[in-house]
Amino acid sequence: MERHSLPDGHRAQGHRDTLPPRHRRSVAIATVLVLAVAAGTAVAAEGGLLSFSDSCKDSAVDLTVVASPDIAPAVRTVAARASKEPARSDGQCLHVTVVARDSYEVANALATGSGDPGYQVWLPDSDLWLDRAKGTGNGIPVAPGDSVATSPVTVGMVPSASKALGWPEKTYSWAELAASATGSDKVRLGVADPTRSATGLLALSSIGASPGGQGGDHDTEVAATAKALAQRMSAGDAQVLETLAQDFSGIEGGNPEHNQAVLVSEQAAFTHNASSPSTGRLDLFYPADGTPLLNYPYALVNSAELTGDESRAALRFMRLLDDDGAHTVLEKNGFRTTDGTTEPAMVESAGGRTPQPFATPAAVPPSADVLQETLGLWTITVQSARLTTVVDASGSMAGTVPGRDRSRMDVTKASLIQALGQFTPDDEIGLWVFATTLDGDKDYRQVMPTRRLGDPAKGGGTHREKLSAAFKALEPVPNGATGLYDTTLASYKEAQATYVKGKFNALVLLTDGSNQDDFGISRSALIDQLEKVSDPERPVPIIAIAVGPDADRAEVTEIAEVTGGGGYEVSDPAEIQRVILQAIMTAGQSGRGAQE
C-alpha cells in the first residue's frame, strides 16, 4: 500500500533533516546504556549480547517502563510479545512491565525527586517533558533517546462543525482555525490544560507562531484566543475528548456544555473514532502552516544507578520497539512512524481526508524558550494576575546596552510595554520606581497603583493606557544610587496588604545593581522582615530580575526565595518580557502567588 511520505522537494529544503539534534538520539542513548555497564559487557554486546538463545539463563531480567497512557497499550503488546517469544538479553529472559502514567506527573516527580524512582525507562508523549524533568538540575537525571513513534497535533471537529468550515476542501492556518472557532458562536473549541498536555501546549504555541487570523494585532489575538480556550479547558487529553457529545444531531449536540471541536492528536482521534458511533466521529483539520508532532522519546531514568542487566535490558527493549513487528503494532494503534509516514487507511480512520495537508512536513518544534513563554501566557490568561512592578531608576540605568546603542532604561521600558500587551483587562498591574532619596527620605515612589488594566482612568482612557504612558516616561535619576533593600520591603508590604484572593499575586523587581543605600535596612534585616511578613495563605512571590553585568543575581535570589519566588538574570533588558512570563509560569505551576 502507498504510504504518506514527504515530497522530495520538502526534504531538499531541509525541513525534516534540519530538525534539532535532540531528535537524533538513538546512538547517544545506546552509548549511555553501553557505558553504564563494564567495558567487557560492551564487547559482549557487539558479539551477540542481545541475541536470542534456546533457553533462559538464570532468572528473568525485570524492566519497568512508565509510558504515556496513549502509547502504553501498544507498548504492552510489544512487551507481551517479548515475554512470549521470549526475547532475551545476554541469554536472560526479558520481562517488561508497562505502567501508564501522565507525562506531566512523571516530569514533575523526576524534577523534584531523588533516589530510586522504581522504573528504568520513561516513554512520555513529547520530549518537551524531558526539558520539564530537568527542572533546576537537582532531580533524578534522565538520558533522552530517539522517538519510537509520532503523531501530529490536529484540530478535530464533529461533522456538523467541520462541514460549516468547508472541510475537507478548505484549509486554514492555526490562527485562522482558532479565530474561526473562538471568534464566533459557530464552533465550541475545547483544549486540554497546556500545563498538563503536550498536545494542548504544542497547539497553543502553534497558534501563537501562526500569522494573524483576523488582521488585527497579533499578540492581542493570541491572548484573546488563549482566554477563550481557557473557558473550555479540560484537565487532560482524555477529559477533553469526554466533552464531545456522542450525538450532535439532537438536543445533546446543542448543549453549550458540549464541545464541537477539540485540539487533539491524530492518534487520539483514531482511538476516539474507533469507539464512537458515526455521528460522534471526528473530522480532522491539519493546519496548512504545519502540525507539530508528539514524538514519544525513549528515555533512560537514573542510568548511573542501573545494574548491568537493567542497562542491557533497556537497550534490548528499545531495539524491540524499533523492529517491524513493533511498527505494525504501533500503526494498528494509530501511530505514525518516526519519520511521520503512515498508511492512508490509518489517516482515514483518524478522520483525515484529502486535500487536508496531512502528508506535508511537520512544523519545526518550538524551542524551550517559546514553550516557556507560551506557558507564561497561559498562566496569566487562565488566572488573572496582580503584579506590582518595581523598576530601578538609578543613574546606572542610563548606561548603554552593548550592541544596541540604547540605554538600559530605554530597552527596559520597551520590554515592559511589550510584556504589558500579554495581559488581559482583568489583570492588575502597578508601577513603583526607586533610586535613593527619590521621595524625600524614601528611596522609592509609587507611580501607578496596582489596578485592573481595563478600569477607566482619571482624565479618560484606561489604566492600561496610563500605565503604558508611565512606562514610556521612565527616566534614570542623575547620580541616583540603588536603594534596593528599603524599596523591596516597602513594596512587598504594600503588595501583601493589598493581596487579592483568587489572582496570581506577585512583586516583579528589576534592578541593574546591588544595594547602595548605607543608611537603610541591611540585607539580613530585610530577609528577617520578609520572613515575618510573608504569609502562605496570602502568597506574594518576588520575581527578582538582575539586569546587566553589575547586578548581583545571588543577592536578589536570596531575597526572592524567602517569599517563595526566584531570582533571574538577563544580560540584555530586551529579555525581560520572556523572563517575566517564564517566572510567572514557574510560580503559577507550583501554586505560589494565588490562594483560592
# chains A, B, ... in the order shown; residues from 1 in each chain; ligands from 1
>>> closest_atom_pairs(of="range 379-479 of chain A", to="range 569-577 of chain A", cutoff="8 Å", atoms="only C-alpha atoms", output="JSON lines")
{"residue": "A:Val401", "atom": "CA", "partner": "A:Asp572", "partner_atom": "CA", "distance": 6.9}
{"residue": "A:Arg408", "atom": "CA", "partner": "A:Pro573", "partner_atom": "CA", "distance": 6.4}
{"residue": "A:Val411", "atom": "CA", "partner": "A:Pro573", "partner_atom": "CA", "distance": 5.7}
{"residue": "A:Thr412", "atom": "CA", "partner": "A:Pro573", "partner_atom": "CA", "distance": 5.1}
{"residue": "A:Ala414", "atom": "CA", "partner": "A:Ala574", "partner_atom": "CA", "distance": 7.5}
{"residue": "A:Ser415", "atom": "CA", "partner": "A:Ala574", "partner_atom": "CA", "distance": 5.4}
{"residue": "A:Leu416", "atom": "CA", "partner": "A:Gln577", "partner_atom": "CA", "distance": 6.4}
{"residue": "A:Gln418", "atom": "CA", "partner": "A:Gln577", "partner_atom": "CA", "distance": 6.9}
{"residue": "A:Ala419", "atom": "CA", "partner": "A:Gln577", "partner_atom": "CA", "distance": 5.1}
>>> residues_around(residues="Thr77 in chain A", least_positions_apart="5", cutoff="9 Å", atoms="only C-alpha atoms", output="short mmCIF file (atom, residue, chain, number, x, y, z; two decimals) with N, CA, C and O atoms, in the first residue's frame")
data_model
loop_
_atom_site.label_atom_id
_atom_site.label_comp_id
_atom_site.auth_asym_id
_atom_site.auth_seq_id
_atom_site.Cartn_x
_atom_site.Cartn_y
_atom_site.Cartn_z
N ALA A 72 0.80 3.47 25.90
CA ALA A 72 1.03 2.33 26.80
C ALA A 72 0.41 1.03 26.28
O ALA A 72 1.06 -0.03 26.36
N ALA A 82 7.58 -9.89 23.73
CA ALA A 82 8.94 -10.15 24.20
C ALA A 82 8.95 -11.26 25.24
O ALA A 82 9.88 -12.08 25.28
N ALA A 326 6.98 -4.31 15.95
CA ALA A 326 6.55 -3.19 16.79
C ALA A 326 5.95 -2.09 15.93
O ALA A 326 4.95 -1.46 16.32
N VAL A 329 2.42 -2.98 15.24
CA VAL A 329 1.58 -2.79 16.44
C VAL A 329 1.28 -1.31 16.64
O VAL A 329 0.12 -0.93 16.90
#
>>> closest_atom_pairs(of="range 299-416 of chain A", to="range 493-509 of chain A", cutoff="10 Å", atoms="only C-alpha atoms", output="tab-separated table")
residue	atom	partner	partner_atom	distance
A:Thr379	CA	A:Phe504	CA	8.8
A:Ile380	CA	A:Phe504	CA	7.6
A:Val382	CA	A:Lys503	CA	9.8
A:Gln383	CA	A:Lys503	CA	6.0
A:Ser384	CA	A:Lys503	CA	5.2
A:Ala385	CA	A:Phe504	CA	4.4
A:Arg386	CA	A:Asn505	CA	4.7
A:Leu387	CA	A:Ala506	CA	5.0
A:Thr388	CA	A:Leu507	CA	4.9
A:Thr389	CA	A:Val508	CA	4.7
A:Val390	CA	A:Leu509	CA	4.8
A:Val391	CA	A:Leu509	CA	6.3
A:Asp392	CA	A:Leu509	CA	8.1
>>> closest_residue(among="A:Asp518, A:Asp127, A:Asp283, A:Asp410", to="Gly166 in chain A", atoms="only C-alpha atoms")
A:Asp283
>>> select_by_dssp(residues="range 527-591 of chain A", states="strand (DSSP E or B)", output="list of chain:residue names")
A:Ile542, A:Ile543, A:Ala544, A:Ile545, A:Ala546, A:Val547, A:Gly566, A:Gly567, A:Tyr568, A:Glu569, A:Val570
>>> closest_residue(among="A:Pro117, A:Pro69, A:Gly135, A:Gly145", to="Arg319 in chain A", atoms="only C-alpha atoms")
A:Gly145
>>> closest_residue(among="A:Val447, A:Thr488, A:Trp122, A:Ala350", to="Ile527 in chain A", atoms="only C-alpha atoms")
A:Thr488
>>> closest_residue(among="A:Ala490, A:Leu530, A:Val370, A:Val556", to="Asn515 in chain A", atoms="only C-alpha atoms")
A:Val556
>>> closest_residue(among="A:Ala362, A:Val562, A:Val61, A:Ile417", to="Asp535 in chain A", atoms="only C-alpha atoms")
A:Val562
>>> atom_distance(atom1="CA of Leu510 in chain A", atom2="CA of Gly454 in chain A")
24.4 Å
>>> closest_residue(among="A:Asp528, A:Thr487, A:Gln267, A:Ile521", to="Leu330 in chain A", atoms="only C-alpha atoms")
A:Gln267
>>> residues_around(residues="Thr243 in chain A", least_positions_apart="2", cutoff="8 Å", atoms="only C-alpha atoms", output="list in words")
Gly190, Gln239, Val240, Leu241, Ala245, Glu257, His258 and Asn259 of chain A
